[in-house]
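Visitor: Take a look at this one; I'll ask things after.
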Amino acid sequence: MYKIACSLLLLLLPIIGWGQETSAKQRELELKKEQILKEISEARSKLNSEKAKEKDVLTQLKEQEQKIKLIEQLIATTEKQKHFLDDAIYLQQKEINALQKELLALKADYSKMIQKSYKSRNEKSRVMFVLSSSSFLQAYKRIQYMKQYADFRKIQGDEIKEKNLILEGKQRALEVQKQQKVKILKETEKDKKELDVEKAEKERLVQTIKKDQKKITAEINKKKQETAKIDKQIKQLIRQAIAEANRKAKIEADRKAAAAAAATAAANKAKGIKTTKTTKAVTASKAPVSSAKVILSKEGEALSNNFKNNKGRLPWPTDNGVVSSKYGIQPHPVYPNLTVDNSGVEIKVDNGSTARVVFEGEVVQIQLFGNMKGVLVQHGEYFTLYKNLSSVQVSVGDKVKTKQILGKIHTPSNGRSTLMFYVFRNADNMNPAAWISNM
């Protein structure tokens, strides 16, 4: 009985392992679907909010496109589930067919053995078979043969039972997988219908926008002018921050040099050595400094390298939100000939959200951009800027840690809260998406 149980366990182990692997992959896809469905729900809520205001058709269009992308992701994930199940069903059916074939062969052999046993079932014939032996050794061997034959019959019977159990388990698993596939196909069909509805709504919005081409063109041109003005202001702020950092570094270097010279003079005086007079140096605070590139100290260089080494892994500058406008030259969703050049990224967030620093550093500036605030944080030769804040929780000179709250993001009258986020190396703009994880 123990041997049979061990044999059954060895036969079931590959099935259990396969089942666990299947469940893990299925669970992974299910979790991905749950996340996408959550994002779709959030997008739907935001879109309904925008529709209720009916103030910004372009905003509605952006929200609609975001929702369409999420539904397309959901359909793609469901398709992956379907393909995975198709493969699993195929392999399961293949194993079932092999087991059925093996079981038929076992049953056929067992049937022949039973028939042969039935024909020789007479106890006298068995006794005569032993007694007709020519020697004691031959009689012993014949007795052993009959015993082994009986044991083999029992083993074959047990094996048939084991195979039947495995076959039943596989057939049940196959039925579950087929039911899952039917469910997934229904979900896919439903999602595709919803996608068609959303695309139709997007087309309606596009047609609405096309009616106001002149107005849209004027708005975009105005936005370009405002953006150019703000970008110029930001560049000036960055250069000021670089110059200030270099001025401080020069003051510190001159202080150390003066201290070293004083120490040398004192040592020479103690030894009776006369020192020659030198021309008085211009103080560092009045000396010209570079505003193009940060002169790094050892600490600044280490921080800068640390920031660089975390490229692509930095946390988001908000705890929620989606990128509503990417970095660089972005075409208009309806008029491709109309473009906007973004020097940072625009992140749409929930009302009441806060901005947080993406890496440790020092707050070097807090500036006003219109009626909104911006916080500039230095990370060695790198800078990050967080703009569109209604209030700030830090001060110039503060050392900040990763994910520390900088301030509250402004909520305008249309209720569309956005954070403008920038990354610079010295005064050169960089694409924030290359630095932030999954942006």
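Residues are named by chain letter and number: chains run A, B, ... in the order of the structure tokens, numbers start at 1 in each chain, and ligands are numbered from 1 in the order shown.
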Do a neighbour search on Lys229 (chain A) at 12 Å with only C-alpha atoms, toss out local chain neighbours closer than 6 positions, and write the hits as a ChimeraX atom specification.

Guide: /A:222-223,235-236,343,369-370

Visitor: Keeping only C-alpha atoms, write the selected residues to a file as a PDB file, in the first residue's frame.

Guide:
```
ATOM      1  CA  LYS A 222      -0.877  82.002 -26.775  1.00  0.00           C
ATOM      2  CA  LYS A 223       0.234  78.947 -24.801  1.00  0.00           C
ATOM      3  CA  LYS A 235      16.655  79.152 -17.438  1.00  0.00           C
ATOM      4  CA  GLN A 236      17.541  82.398 -15.660  1.00  0.00           C
ATOM      5  CA  SER A 343      10.532  71.519 -21.554  1.00  0.00           C
ATOM      6  CA  PHE A 369       5.373  81.811 -11.709  1.00  0.00           C
ATOM      7  CA  GLY A 370       2.349  84.039 -12.080  1.00  0.00           C
TER       8      GLY A 370
END
```

Visitor: Near Asp319 (chain A), counting only C-alpha atoms, which residues have an atom at most 10 Å away, once you skip same-chain residues fewer than 2 positions from it, shown as a PyMOL selection string?

Guide: chain A and resi 315-317+321+349-350+353-356+403

Visitor: Could you tell me how far CA of Ser325 (chain A) lies from CA of Phe421 (chain A), in Å and to one decimal?

Guide: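 Atom-to-atom, CA of Ser325 (chain A) to CA of Phe421 (chain A), that is 10.8 Å.
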
Visitor: Interatomic distance between CA of Asp196 (chain A) and CA of Arg27 (chain A)?

Guide: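 If I compute the distance from CA of Asp196 (chain A) to CA of Arg27 (chain A), I get 28.0 Å.
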
Visitor: Name the closest residue to Val364 (chain A) among the candidates A:Arg239, A:Lys271, A:Lys326, A:Lys232; distances are taken between atoms, counting only C-alpha atoms.

Guide: A:Arg239
